[in-house]
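Participant: Coordinates in my_file-v7.cif, mmCIF, C-alpha atoms and all ligand atoms, are listed below.
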```cif
data_final
#
loop_
_atom_site.label_atom_id
_atom_site.label_comp_id
_atom_site.auth_asym_id
_atom_site.auth_seq_id
_atom_site.Cartn_x
_atom_site.Cartn_y
_atom_site.Cartn_z
CA MET I 1 -19.44 -27.03 7.75
CA LYS I 2 -17.61 -26.32 4.51
CA ASP I 3 -14.39 -24.31 4.80
CA GLN I 4 -14.61 -20.71 3.64
CA LEU I 5 -11.99 -19.93 0.98
CA ILE I 6 -11.23 -16.33 0.02
CA LEU I 7 -8.89 -15.40 -2.81
CA GLY I 8 -7.20 -12.03 -2.18
CA ILE I 9 -5.50 -9.73 -4.70
CA GLU I 10 -3.14 -6.85 -3.79
CA THR I 11 -1.48 -4.46 -6.25
CA SER I 12 -1.58 -1.08 -4.48
CA CYS I 13 2.14 -0.36 -4.76
CA ASP I 14 5.10 -2.46 -5.91
CA GLU I 15 4.13 -6.02 -4.95
CA THR I 16 1.91 -8.18 -7.18
CA ALA I 17 0.29 -10.54 -4.71
CA VAL I 18 -2.39 -13.23 -4.66
CA ALA I 19 -3.28 -15.38 -1.65
CA ILE I 20 -5.90 -17.89 -0.59
CA ILE I 21 -7.09 -17.90 3.04
CA LYS I 22 -9.13 -20.62 4.73
CA ASN I 23 -11.75 -19.60 7.33
CA GLY I 24 -10.28 -16.10 7.65
CA ARG I 25 -7.19 -17.19 9.54
CA GLU I 26 -5.32 -19.99 7.79
CA ILE I 27 -2.90 -19.39 4.90
CA ALA I 28 -3.48 -21.89 2.08
CA ALA I 29 -1.25 -19.93 -0.34
CA ASN I 30 0.51 -16.57 -0.19
CA VAL I 31 2.37 -15.57 -3.36
CA VAL I 32 4.18 -12.22 -3.65
CA ALA I 33 6.11 -11.06 -6.73
CA SER I 34 8.23 -8.11 -5.63
CA GLN I 35 9.33 -5.41 -8.08
CA ILE I 36 11.85 -3.81 -5.75
CA ASP I 37 14.79 -4.51 -8.09
CA SER I 38 13.07 -2.63 -10.96
CA HIS I 39 12.49 0.48 -8.84
CA LYS I 40 15.79 0.51 -6.93
CA ARG I 41 17.79 2.34 -9.60
CA PHE I 42 15.25 5.19 -9.54
CA GLY I 43 15.42 5.49 -5.74
CA GLY I 44 11.69 4.92 -5.31
CA VAL I 45 8.57 3.41 -6.89
CA VAL I 46 7.92 4.59 -10.46
CA PRO I 47 4.12 4.30 -10.93
CA GLU I 48 4.18 3.45 -14.66
CA ILE I 49 6.74 0.69 -14.12
CA ALA I 50 4.70 -0.69 -11.21
CA SER I 51 1.55 -0.92 -13.35
CA ARG I 52 3.37 -2.66 -16.19
CA HIS I 53 4.86 -5.21 -13.82
CA HIS I 54 1.47 -5.93 -12.29
CA VAL I 55 0.03 -6.63 -15.75
CA GLU I 56 2.90 -8.97 -16.57
CA GLN I 57 2.84 -10.83 -13.26
CA MET I 58 -0.86 -11.03 -12.38
CA THR I 59 -1.95 -14.23 -14.16
CA ILE I 60 1.30 -16.02 -13.23
CA VAL I 61 0.91 -15.14 -9.55
CA MET I 62 -2.79 -16.07 -9.61
CA GLU I 63 -2.12 -19.52 -11.10
CA GLU I 64 0.72 -20.08 -8.65
CA ALA I 65 -1.56 -19.30 -5.69
CA LEU I 66 -4.28 -21.71 -6.89
CA ASN I 67 -1.63 -24.41 -7.48
CA ARG I 68 0.00 -23.97 -4.08
CA ALA I 69 -3.36 -24.09 -2.29
CA ASP I 70 -4.29 -27.07 -4.47
CA VAL I 71 -7.74 -25.67 -5.26
CA THR I 72 -9.62 -24.50 -8.36
CA MET I 73 -11.77 -21.40 -8.82
CA ALA I 74 -14.84 -23.58 -8.20
CA ASP I 75 -13.72 -23.98 -4.55
CA ILE I 76 -13.38 -20.21 -3.94
CA ASP I 77 -16.24 -18.46 -2.08
CA ALA I 78 -15.32 -14.85 -2.88
CA ILE I 79 -12.65 -12.63 -4.41
CA ALA I 80 -11.27 -9.84 -2.22
CA VAL I 81 -9.27 -7.02 -3.76
CA THR I 82 -7.53 -3.86 -2.57
CA GLU I 83 -9.75 -0.98 -3.74
CA GLY I 84 -7.41 1.68 -2.23
CA PRO I 85 -5.52 3.62 -1.07
CA GLY I 86 -2.44 3.32 -3.25
CA LEU I 87 -1.15 4.23 -6.71
CA VAL I 88 -4.17 4.52 -8.99
CA GLY I 89 -2.60 2.79 -12.00
CA ALA I 90 -1.29 -0.04 -9.81
CA LEU I 91 -4.62 -0.51 -7.99
CA LEU I 92 -6.47 -0.63 -11.32
CA ILE I 93 -4.62 -3.77 -12.42
CA GLY I 94 -5.69 -5.67 -9.30
CA VAL I 95 -9.26 -4.35 -9.40
CA ASN I 96 -9.67 -5.32 -13.05
CA ALA I 97 -8.12 -8.76 -12.53
CA ALA I 98 -10.53 -9.32 -9.61
CA LYS I 99 -13.53 -8.17 -11.65
CA ALA I 100 -12.60 -10.44 -14.57
CA LEU I 101 -12.15 -13.39 -12.23
CA ALA I 102 -15.43 -12.69 -10.41
CA PHE I 103 -17.36 -12.29 -13.67
CA ALA I 104 -15.89 -15.37 -15.37
CA ASN I 105 -16.49 -17.60 -12.34
CA GLN I 106 -19.69 -15.96 -11.04
CA LYS I 107 -18.14 -15.23 -7.62
CA PRO I 108 -18.90 -12.38 -5.18
CA LEU I 109 -16.46 -9.46 -5.27
CA VAL I 110 -15.38 -7.91 -1.93
CA PRO I 111 -13.61 -4.50 -1.84
CA VAL I 112 -10.90 -4.18 0.84
CA HIS I 113 -9.14 -1.14 2.30
CA HIS I 114 -5.36 -1.62 2.16
CA ILE I 115 -4.86 -0.57 5.80
CA ALA I 116 -7.67 -2.87 6.96
CA GLY I 117 -5.57 -5.55 5.24
CA HIS I 118 -2.41 -4.59 7.15
CA ILE I 119 -4.40 -4.74 10.40
CA TYR I 120 -5.88 -8.15 9.55
CA ALA I 121 -2.40 -9.60 8.90
CA ASN I 122 -2.41 -9.90 12.70
CA ARG I 123 -5.41 -12.26 12.61
CA LEU I 124 -3.22 -14.75 10.71
CA VAL I 125 -1.16 -14.85 13.94
CA THR I 126 -3.70 -14.50 16.78
CA GLU I 127 -7.49 -14.23 17.08
CA PHE I 128 -8.68 -10.67 17.79
CA THR I 129 -9.97 -9.70 21.24
CA PHE I 130 -12.01 -6.49 21.27
CA PRO I 131 -11.72 -3.65 21.90
CA LEU I 132 -8.30 -3.39 20.33
CA LEU I 133 -5.95 -0.79 18.96
CA ALA I 134 -3.78 -1.08 15.84
CA LEU I 135 -0.60 0.92 15.32
CA VAL I 136 -0.32 1.14 11.54
CA VAL I 137 3.14 2.14 10.31
CA SER I 138 3.73 1.72 6.59
CA GLY I 139 5.31 3.54 3.67
CA GLY I 140 2.14 5.54 3.05
CA HIS I 141 0.41 5.59 6.46
CA THR I 142 1.00 6.17 10.15
CA GLU I 143 -2.21 5.75 12.11
CA LEU I 144 -3.67 4.60 15.41
CA VAL I 145 -6.90 2.73 14.69
CA TYR I 146 -9.45 1.72 17.35
CA MET I 147 -11.64 -1.32 16.69
CA LYS I 148 -14.64 -2.22 18.86
CA GLU I 149 -15.58 -5.17 16.62
CA HIS I 150 -14.66 -6.92 13.35
CA GLY I 151 -14.69 -4.72 10.26
CA HIS I 152 -15.19 -1.50 12.27
CA PHE I 153 -12.37 1.07 12.18
CA GLU I 154 -12.01 4.39 13.99
CA VAL I 155 -8.91 6.46 13.22
CA ILE I 156 -7.93 8.19 16.50
CA GLY I 157 -4.65 9.63 15.20
CA GLU I 158 -2.74 9.92 11.93
CA THR I 159 0.27 11.60 10.41
CA ARG I 160 -0.10 15.22 9.41
CA ASP I 161 2.73 15.00 6.88
CA ASP I 162 5.14 12.14 6.13
CA ALA I 163 4.40 8.54 7.03
CA ALA I 164 6.98 6.77 9.21
CA GLY I 165 8.17 4.54 6.33
CA GLU I 166 8.38 7.53 4.01
CA ALA I 167 10.65 9.30 6.54
CA TYR I 168 12.82 6.17 6.72
CA ASP I 169 13.10 6.05 2.93
CA LYS I 170 13.97 9.76 2.63
CA VAL I 171 16.59 9.62 5.40
CA ALA I 172 18.07 6.53 3.75
CA ARG I 173 18.33 8.41 0.47
CA THR I 174 20.17 11.26 2.24
CA LEU I 175 22.64 8.65 3.50
CA ASN I 176 23.00 7.25 -0.06
CA MET I 177 21.29 3.96 0.74
CA PRO I 178 19.14 1.99 -1.71
CA TYR I 179 15.33 1.89 -1.83
CA PRO I 180 13.49 0.85 0.28
CA GLY I 181 15.61 2.42 2.99
CA GLY I 182 13.84 1.20 6.13
CA PRO I 183 15.65 -2.12 6.55
CA HIS I 184 19.05 -0.47 5.82
CA ILE I 185 18.57 2.27 8.43
CA ASP I 186 17.32 -0.37 10.88
CA ARG I 187 20.48 -2.45 10.41
CA LEU I 188 22.77 0.59 10.61
CA ALA I 189 20.98 1.92 13.71
CA HIS I 190 21.97 -1.20 15.61
CA GLU I 191 25.65 -0.46 14.91
CA GLY I 192 25.55 3.09 16.26
CA THR I 193 24.52 5.08 19.32
CA PRO I 194 21.75 7.70 19.44
CA ALA I 195 24.26 10.46 20.25
CA ILE I 196 22.80 13.15 17.95
CA ASP I 197 20.04 15.29 19.39
CA LEU I 198 17.03 15.15 17.04
CA PRO I 199 13.50 16.49 17.61
CA ARG I 200 10.44 14.51 18.68
CA ALA I 201 7.12 15.90 17.41
CA TRP I 202 4.67 15.37 20.27
CA LEU I 203 2.17 17.91 18.84
CA GLU I 204 -0.46 19.40 21.12
CA GLU I 205 -1.25 17.80 24.48
CA GLY I 206 -3.37 14.67 24.18
CA SER I 207 -3.08 14.42 20.38
CA TYR I 208 -2.59 10.99 18.83
CA ASP I 209 -1.51 12.53 15.53
CA PHE I 210 2.03 12.19 14.24
CA SER I 211 4.46 14.33 12.26
CA PHE I 212 7.76 13.12 10.84
CA SER I 213 8.71 15.78 8.29
CA GLY I 214 10.46 17.99 10.89
CA LEU I 215 12.58 15.05 12.01
CA LYS I 216 13.41 14.18 8.40
CA SER I 217 14.48 17.80 7.72
CA ALA I 218 16.56 17.85 10.91
CA VAL I 219 18.48 14.78 9.71
CA ILE I 220 19.05 16.30 6.25
CA ASN I 221 20.20 19.62 7.83
CA THR I 222 22.56 17.81 10.20
CA VAL I 223 24.22 16.08 7.23
CA HIS I 224 24.44 19.28 5.13
CA ASN I 225 25.78 21.41 8.01
CA ALA I 226 28.48 18.86 8.73
CA GLU I 227 29.42 18.74 5.03
CA GLN I 228 29.76 22.54 4.93
CA ARG I 229 32.07 22.43 7.92
CA GLY I 230 34.08 19.71 6.21
CA GLU I 231 33.16 17.26 8.94
CA THR I 232 31.64 13.82 8.63
CA ILE I 233 28.99 12.40 10.88
CA ALA I 234 29.05 8.68 11.58
CA PRO I 235 26.07 7.40 9.54
CA GLU I 236 25.40 4.67 12.10
CA ASP I 237 24.99 7.29 14.85
CA LEU I 238 22.67 9.34 12.66
CA ALA I 239 20.61 6.22 11.86
CA ALA I 240 20.48 5.29 15.56
CA SER I 241 19.44 8.81 16.55
CA PHE I 242 16.75 8.99 13.85
CA GLN I 243 15.39 5.57 14.78
CA ALA I 244 15.37 6.49 18.49
CA SER I 245 13.21 9.53 17.75
CA VAL I 246 10.70 7.62 15.56
CA VAL I 247 10.45 4.70 17.98
CA GLU I 248 10.06 6.88 21.08
CA VAL I 249 7.16 8.84 19.58
CA LEU I 250 5.39 5.74 18.20
CA VAL I 251 5.73 3.72 21.41
CA THR I 252 4.80 6.60 23.75
CA LYS I 253 1.65 7.51 21.81
CA ALA I 254 0.61 3.87 21.38
CA LYS I 255 1.04 3.22 25.12
CA ARG I 256 -0.98 6.29 26.06
CA ALA I 257 -3.78 5.31 23.66
CA VAL I 258 -3.81 1.72 24.96
CA GLU I 259 -4.29 3.06 28.50
CA GLN I 260 -6.89 5.69 27.61
CA TYR I 261 -9.01 3.35 25.49
CA GLY I 262 -8.57 0.36 27.80
CA VAL I 263 -7.97 -2.07 24.95
CA LYS I 264 -7.20 -5.78 25.27
CA GLN I 265 -4.77 -6.00 22.34
CA LEU I 266 -2.27 -3.76 20.57
CA LEU I 267 -1.73 -4.90 16.99
CA VAL I 268 1.23 -3.59 15.00
CA ALA I 269 0.84 -3.40 11.22
CA GLY I 270 2.58 -2.23 8.03
CA GLY I 271 6.09 -2.38 6.63
CA VAL I 272 7.71 -0.44 9.50
CA ALA I 273 6.39 -3.10 11.92
CA ALA I 274 9.33 -5.11 10.54
CA ASN I 275 11.64 -2.64 12.31
CA LYS I 276 13.78 -4.38 14.94
CA GLY I 277 14.15 -1.27 17.10
CA LEU I 278 10.38 -0.71 17.17
CA ARG I 279 9.63 -4.38 17.91
CA GLU I 280 12.14 -4.44 20.77
CA ALA I 281 10.86 -1.19 22.30
CA LEU I 282 7.22 -2.35 22.11
CA GLU I 283 8.07 -5.74 23.61
CA LEU I 284 9.92 -4.05 26.46
CA THR I 285 7.11 -1.56 27.11
CA PHE I 286 4.32 -4.13 27.11
CA SER I 287 6.18 -7.05 28.71
CA ASP I 288 4.95 -6.16 32.20
CA GLN I 289 1.37 -5.34 31.12
CA SER I 290 -0.43 -8.66 31.47
CA ASP I 291 -3.82 -7.09 30.67
CA VAL I 292 -2.75 -6.01 27.14
CA GLU I 293 -1.59 -8.48 24.51
CA LEU I 294 1.00 -7.17 22.05
CA VAL I 295 0.73 -8.75 18.59
CA ILE I 296 3.33 -8.23 15.85
CA PRO I 297 3.12 -10.28 12.63
CA PRO I 298 6.17 -12.07 11.20
CA LEU I 299 8.20 -9.95 8.75
CA ALA I 300 6.64 -11.41 5.58
CA LEU I 301 3.15 -10.43 6.76
CA CYS I 302 4.22 -6.88 7.74
CA THR I 303 5.11 -5.73 4.23
CA ASP I 304 2.52 -5.75 1.42
CA ASN I 305 0.97 -9.14 0.69
CA ALA I 306 -2.41 -10.55 -0.35
CA ALA I 307 -2.90 -12.89 2.63
CA MET I 308 -3.79 -9.82 4.67
CA ILE I 309 -6.26 -8.65 1.99
CA ALA I 310 -7.96 -12.07 1.93
CA ALA I 311 -8.03 -12.14 5.77
CA ALA I 312 -9.74 -8.72 5.89
CA GLY I 313 -11.87 -9.79 2.89
CA SER I 314 -13.15 -12.79 4.83
CA VAL I 315 -14.57 -10.53 7.54
CA MET I 316 -15.97 -8.04 5.02
CA PHE I 317 -17.56 -10.94 3.09
CA GLU I 318 -19.31 -12.12 6.25
CA LYS I 319 -20.38 -8.55 6.97
CA GLY I 320 -22.15 -8.59 3.59
CA ILE I 321 -19.92 -6.03 1.91
CA ARG I 322 -19.94 -6.51 -1.88
CA ALA I 323 -18.85 -4.62 -4.97
CA ASP I 324 -20.35 -5.01 -8.42
CA LEU I 325 -18.54 -4.89 -11.74
CA THR I 326 -18.49 -1.08 -11.68
CA LEU I 327 -15.87 -1.22 -8.88
CA ASN I 328 -13.09 1.29 -9.54
CA ALA I 329 -9.69 1.89 -7.94
CA ASN I 330 -9.96 4.53 -5.22
CA PRO I 331 -6.53 5.98 -4.34
CA GLY I 332 -8.00 8.11 -1.52
CA LEU I 333 -10.32 5.47 0.00
CA ASP I 334 -11.40 6.21 3.61
CA ILE I 335 -11.11 3.27 6.05
CA GLU I 336 -14.15 4.37 8.08
CA ILE I 337 -16.48 4.07 5.08
CA PHE I 338 -17.07 0.33 5.68
CA ASN I 339 -18.15 0.78 9.34
O1 LIG W 401 3.44 -1.58 4.27
P1 LIG W 401 4.46 -1.46 3.22
O2 LIG W 401 5.06 -2.71 2.65
O3 LIG W 401 3.92 -0.63 2.02
C1 LIG W 401 2.98 0.37 2.15
O4 LIG W 401 1.76 0.06 2.21
O5 LIG W 401 3.42 1.54 2.27
O6 LIG W 401 5.60 -0.53 3.84
C2 LIG W 401 6.77 -0.22 3.15
C3 LIG W 401 7.62 0.67 4.04
C4 LIG W 401 8.83 1.28 3.34
O7 LIG W 401 8.85 2.67 3.61
C5 LIG W 401 10.01 0.58 4.00
O8 LIG W 401 11.19 1.37 4.04
C6 LIG W 401 9.47 0.31 5.38
O9 LIG W 401 8.14 -0.08 5.16
N1 LIG W 401 10.22 -0.76 6.07
C7 LIG W 401 10.94 -0.53 7.20
C8 LIG W 401 11.56 -1.77 7.54
N2 LIG W 401 11.16 -2.70 6.61
C9 LIG W 401 10.35 -2.05 5.72
N3 LIG W 401 11.11 0.59 7.92
C10 LIG W 401 11.89 0.51 9.02
N4 LIG W 401 12.53 -0.62 9.39
C11 LIG W 401 12.38 -1.78 8.70
N5 LIG W 401 13.02 -2.88 9.09
ZN ZN W 402 1.06 -1.52 2.64
#
```
Using structure tokens, write down the structure from this file.
Ligand code: KG4
Ligand code: ZN

Facilitator:
Amino acid sequence: MKDQLILGIETSCDETAVAIIKNGREIAANVVASQIDSHKRFGGVVPEIASRHHVEQMTIVMEEALNRADVTMADIDAIAVTEGPGLVGALLIGVNAAKALAFANQKPLVPVHHIAGHIYANRLVTEFTFPLLALVVSGGHTELVYMKEHGHFEVIGETRDDAAGEAYDKVARTLNMPYPGGPHIDRLAHEGTPAIDLPRAWLEEGSYDFSFSGLKSAVINTVHNAEQRGETIAPEDLAASFQASVVEVLVTKAKRAVEQYGVKQLLVAGGVAANKGLREALELTFSDQSDVELVIPPLALCTDNAAMIAAAGSVMFEKGIRADLTLNANPGLDIEIFN
């Protein structure tokens, strides 16, 4: 049988990415042009700058992906693109590039949910065994997603305020660290001890929802109160204490959900899945549970990329999901809409 080749495009935030995936699981090319340096001096992503970069980079990244995979557009079966969620202006560049490519080459167009992409990054590592649960922890999302089969997503818990990555970035800013703050806090946390008492938001009994804004405010207040007293708090201890709170809540809720739903795999997805403290705590928690397989993608597949969009796109393509040339960016796209 002929190999299935999906070209994926991702532009939802600050990475311009194009990838080509063979048979849903094999990376033929995975090109990511990061804009982090352009946003750093503003302390966060500036939407207008992101869009302009995507326009400038898109055709270069696309050609590079085709070259690296050593294929032409004639070999491609379908074009998968992030429809949402994300920054509307940024998403639009990817959606329009995908539409132009699909129209010019007469290829099917497959819309992909960004979080479905993060989840499917795991399928580039290991084949899925259902039912499974995905812990999604990114800059924009913190969710527990239950999957009974391919392409079917049920959100059983989500953040009520800040996403985990967002909390990391805001705490990093309070400690005068550059954007994105997650990796810096992670590094610093390993040099300190979690000696500062910070809250854990468990929410009501049995809830799989999350909340990180109280924790973020507690960190900011701790810093300000110390400043007013003319004291200094060791930033490494603050980072370690903050990380301990985030990790404890994520791991405890994920473990409880794994048990209640009786899943065979726990997938970890999104930029915060790159966090060393979280990876270590999950590995420790699930090391003695032989009936549940813990899957965490390598760092490069945790943060935004197009390999994950093409991997999810492959499944959506087989499910018969298609978009026509009226496809628009949808910054508030619901993941359950494709079920
Ligand atoms: O998934 P992602 O690349 O973009 C979104 O879809 O949001 O996630 C980016 C987020 C940022 O908030 C960044 O600070 C965080 O992931 N991040 C980390 C680490 N590496 C990236 N957070 C904690 N520890 C890390 N090592
Ligand atoms: Zn993402």

Participant: Please give me, as a ChimeraX atom specification, the residues lying within 8 Å of ligand ZN 402 (chain W) when counting only C-alpha atoms and all ligand atoms.

Facilitator: /I:12-13,114-115,118,138-140,270-271,303-305

Participant: Around ligand LIG 401 (chain W), at most 9 Å away and counting all atoms listed in the file, which residues are there? Put them as a PyMOL selection string, please.

Facilitator: chain I and resi 12-15+85-86+114-115+118+136-141+163-170+172+179-187+243+269-278+299+301-305

Participant: Take the point (12.7, 17.3, 10.8) in the file's coordinates, draw a sphere of radius 12 Å around it, and report as an MDAnalysis selection string every protein, DNA or RNA residue with an atom inside or on it, counting only C-alpha atoms.

Facilitator: chainID I and resid 161:162 167:168 170:171 197:201 211:222 242 245:246

Participant: Please, could you write that set of residues out with C-alpha atoms as a CSV table (one decimal), keeping the file's coordinate frame?

Facilitator:
```csv
chain,number,residue,atom,x,y,z
I,161,ASP,CA,2.7,15.0,6.9
I,162,ASP,CA,5.1,12.1,6.1
I,167,ALA,CA,10.6,9.3,6.5
I,168,TYR,CA,12.8,6.2,6.7
I,170,LYS,CA,14.0,9.8,2.6
I,171,VAL,CA,16.6,9.6,5.4
I,197,ASP,CA,20.0,15.3,19.4
I,198,LEU,CA,17.0,15.2,17.0
I,199,PRO,CA,13.5,16.5,17.6
I,200,ARG,CA,10.4,14.5,18.7
I,201,ALA,CA,7.1,15.9,17.4
I,211,SER,CA,4.5,14.3,12.3
I,212,PHE,CA,7.8,13.1,10.8
I,213,SER,CA,8.7,15.8,8.3
I,214,GLY,CA,10.5,18.0,10.9
I,215,LEU,CA,12.6,15.0,12.0
I,216,LYS,CA,13.4,14.2,8.4
I,217,SER,CA,14.5,17.8,7.7
I,218,ALA,CA,16.6,17.8,10.9
I,219,VAL,CA,18.5,14.8,9.7
I,220,ILE,CA,19.0,16.3,6.2
I,221,ASN,CA,20.2,19.6,7.8
I,222,THR,CA,22.6,17.8,10.2
I,242,PHE,CA,16.8,9.0,13.8
I,245,SER,CA,13.2,9.5,17.8
I,246,VAL,CA,10.7,7.6,15.6
```

Participant: Nearest to Val46 in chain I among I:Val155, I:Ala306, I:Ala90, I:Leu66, with distances taken over only C-alpha atoms: which residue is it?

Facilitator: I:Ala90

Participant: For each of I:Ala17, I:Val258, I:Val95, I:Ala311, take the minimum atom-to-atom distance to Thr285 in chain I, counting all atoms listed in the file, then give the residue where this is smallest.

Facilitator: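 Of I:Ala17, I:Val258, I:Val95, I:Ala311, the one nearest Thr285 in chain I is I:Val258, counting all atoms listed in the file.
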
Participant: In Å, with one decimal, what is the gap from CA of Gly230 in chain I to CA of Glu191 in chain I?

Facilitator: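 Those two atoms sit 23.5 Å apart.
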
Participant: Find the residues near Pro108 in chain I: any atom within 8 Å, counting all atoms listed in the file, skip ones fewer than 5 places away on the same chain, and give them as a PyMOL selection string.

Facilitator: chain I and resi 77-79+102+322-323

Participant: Would you output that residue set with C-alpha atoms, as a CSV table (one decimal), in the frame of the given file?

Facilitator:
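Output file result-v8.csv follows:
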```
chain,number,residue,atom,x,y,z
I,77,ASP,CA,-16.2,-18.5,-2.1
I,78,ALA,CA,-15.3,-14.8,-2.9
I,79,ILE,CA,-12.6,-12.6,-4.4
I,102,ALA,CA,-15.4,-12.7,-10.4
I,322,ARG,CA,-19.9,-6.5,-1.9
I,323,ALA,CA,-18.8,-4.6,-5.0
```

Participant: From the list I:Ala134, I:Ala65, I:Ala195, I:Val112, which residue is nearest Ala239 in chain I when using only C-alpha atoms?

Facilitator: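 Looking only at the distances to Ala239 in chain I, the closest residue turns out to be I:Ala195.
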
Participant: What's the separation between CA of Glu293 in chain I and CA of Ile27 in chain I, in Å to one decimal place?

Facilitator: 22.5 Å

Participant: Name the residues in contact with Glu26 in chain I at a cut-off of 9 Å, using all atoms listed in the file, excluding same-chain residues fewer than 5 positions from it; report them as a PyMOL selection string.

Facilitator: chain I and resi 20-21+124+311

Participant: To one decimal place in Å, what is the distance between CA of Asn23 in chain I and CA of Thr59 in chain I?

Facilitator: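 Pair CA of Asn23 in chain I / CA of Thr59 in chain I returns 24.2 Å.
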
Participant: Nearest to Leu325 in chain I among I:Val88, I:Met58, I:Val31, I:Ala104, with distances taken over all atoms listed in the file: which residue is it?

Facilitator: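 Under the stated criterion, the closest residue is I:Ala104.
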
Participant: When distances are computed from all atoms listed in the file, which of I:Gly117, I:Pro331, I:Gly24, I:Gly206 shows the smallest separation from Leu92 in chain I?

Facilitator: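 Under the stated criterion, the closest residue is I:Pro331.
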
Participant: Excluding Leu144 in chain I and residues on its chain fewer than 5 positions from it, collect all residues at most 10 Å away from it, counting all atoms listed in the file, and give them as a PyMOL selection string.

Facilitator: chain I and resi 133-137+153-159+208-210+250+253-254+257-258+266-268

Participant: Which one of I:Ile76, I:Val81, I:Val125, I:Met177 sits closest to Gly43 in chain I if you count only C-alpha atoms?

Facilitator: I:Met177

Participant: To test the calculation: enclose all listed atoms of range 194-203 of chain I in a box whose edges run along x, y and z, add 5 Å on each side, then state centre and edge lengths in Å to one decimal, as lines of an AutoDock Vina configuration file.

Facilitator:
```
center_x = 13.2
center_y = 12.8
center_z = 18.7
size_x = 32.1
size_y = 20.2
size_z = 13.2
```

Participant: Step by step: start from the point (5.3, -0.7, -13.0) in the file's coordinates, keep every protein, DNA or RNA residue that has an atom no farther than 9 Å from it, count only C-alpha atoms, and write the set as a PyMOL selection string.

Facilitator: chain I and resi 13-14+35+38-39+45-55+89-90

Participant: Could you pull range 122-126 of chain I out of the structure just shown and give all heavy atoms as a PDB file, in the first residue's frame?

Facilitator:
```
ATOM      1  N   ASN I 122       2.301  12.726  20.983  1.00  0.00           N
ATOM      2  CA  ASN I 122       2.637  11.467  21.667  1.00  0.00           C
ATOM      3  C   ASN I 122       2.609  10.267  20.729  1.00  0.00           C
ATOM      4  O   ASN I 122       3.268   9.269  20.983  1.00  0.00           O
ATOM      5  CB  ASN I 122       1.657  11.220  22.820  1.00  0.00           C
ATOM      6  CG  ASN I 122       1.935  12.127  24.006  1.00  0.00           C
ATOM      7  OD1 ASN I 122       2.806  11.837  24.811  1.00  0.00           O
ATOM      8  ND2 ASN I 122       1.224  13.234  24.083  1.00  0.00           N
ATOM      9  N   ARG I 123       1.833  10.351  19.644  1.00  0.00           N
ATOM     10  CA  ARG I 123       1.732   9.195  18.738  1.00  0.00           C
ATOM     11  C   ARG I 123       2.983   9.092  17.856  1.00  0.00           C
ATOM     12  O   ARG I 123       3.194   8.090  17.176  1.00  0.00           O
ATOM     13  CB  ARG I 123       0.465   9.315  17.881  1.00  0.00           C
ATOM     14  CG  ARG I 123       0.097   7.987  17.277  1.00  0.00           C
ATOM     15  CD  ARG I 123      -1.255   7.983  16.608  1.00  0.00           C
ATOM     16  NE  ARG I 123      -1.472   6.701  15.966  1.00  0.00           N
ATOM     17  CZ  ARG I 123      -1.837   6.559  14.708  1.00  0.00           C
ATOM     18  NH1 ARG I 123      -2.065   7.610  13.938  1.00  0.00           N
ATOM     19  NH2 ARG I 123      -1.991   5.348  14.201  1.00  0.00           N
ATOM     20  N   LEU I 124       3.796  10.168  17.868  1.00  0.00           N
ATOM     21  CA  LEU I 124       5.080  10.118  17.157  1.00  0.00           C
ATOM     22  C   LEU I 124       6.103   9.360  18.007  1.00  0.00           C
ATOM     23  O   LEU I 124       7.205   9.065  17.564  1.00  0.00           O
ATOM     24  CB  LEU I 124       5.565  11.538  16.836  1.00  0.00           C
ATOM     25  CG  LEU I 124       4.604  12.342  15.945  1.00  0.00           C
ATOM     26  CD1 LEU I 124       4.960  13.824  15.932  1.00  0.00           C
ATOM     27  CD2 LEU I 124       4.607  11.768  14.528  1.00  0.00           C
ATOM     28  N   VAL I 125       5.726   9.072  19.261  1.00  0.00           N
ATOM     29  CA  VAL I 125       6.594   8.343  20.191  1.00  0.00           C
ATOM     30  C   VAL I 125       6.110   6.905  20.363  1.00  0.00           C
ATOM     31  O   VAL I 125       6.883   5.957  20.254  1.00  0.00           O
ATOM     32  CB  VAL I 125       6.599   9.046  21.573  1.00  0.00           C
ATOM     33  CG1 VAL I 125       7.522   8.333  22.546  1.00  0.00           C
ATOM     34  CG2 VAL I 125       6.972  10.511  21.445  1.00  0.00           C
ATOM     35  N   THR I 126       4.811   6.747  20.645  1.00  0.00           N
ATOM     36  CA  THR I 126       4.227   5.433  20.946  1.00  0.00           C
ATOM     37  C   THR I 126       2.833   5.337  20.339  1.00  0.00           C
ATOM     38  O   THR I 126       2.114   6.337  20.298  1.00  0.00           O
ATOM     39  CB  THR I 126       4.056   5.278  22.491  1.00  0.00           C
ATOM     40  OG1 THR I 126       5.289   5.604  23.116  1.00  0.00           O
ATOM     41  CG2 THR I 126       3.650   3.871  22.872  1.00  0.00           C
TER      42      THR I 126
END
```
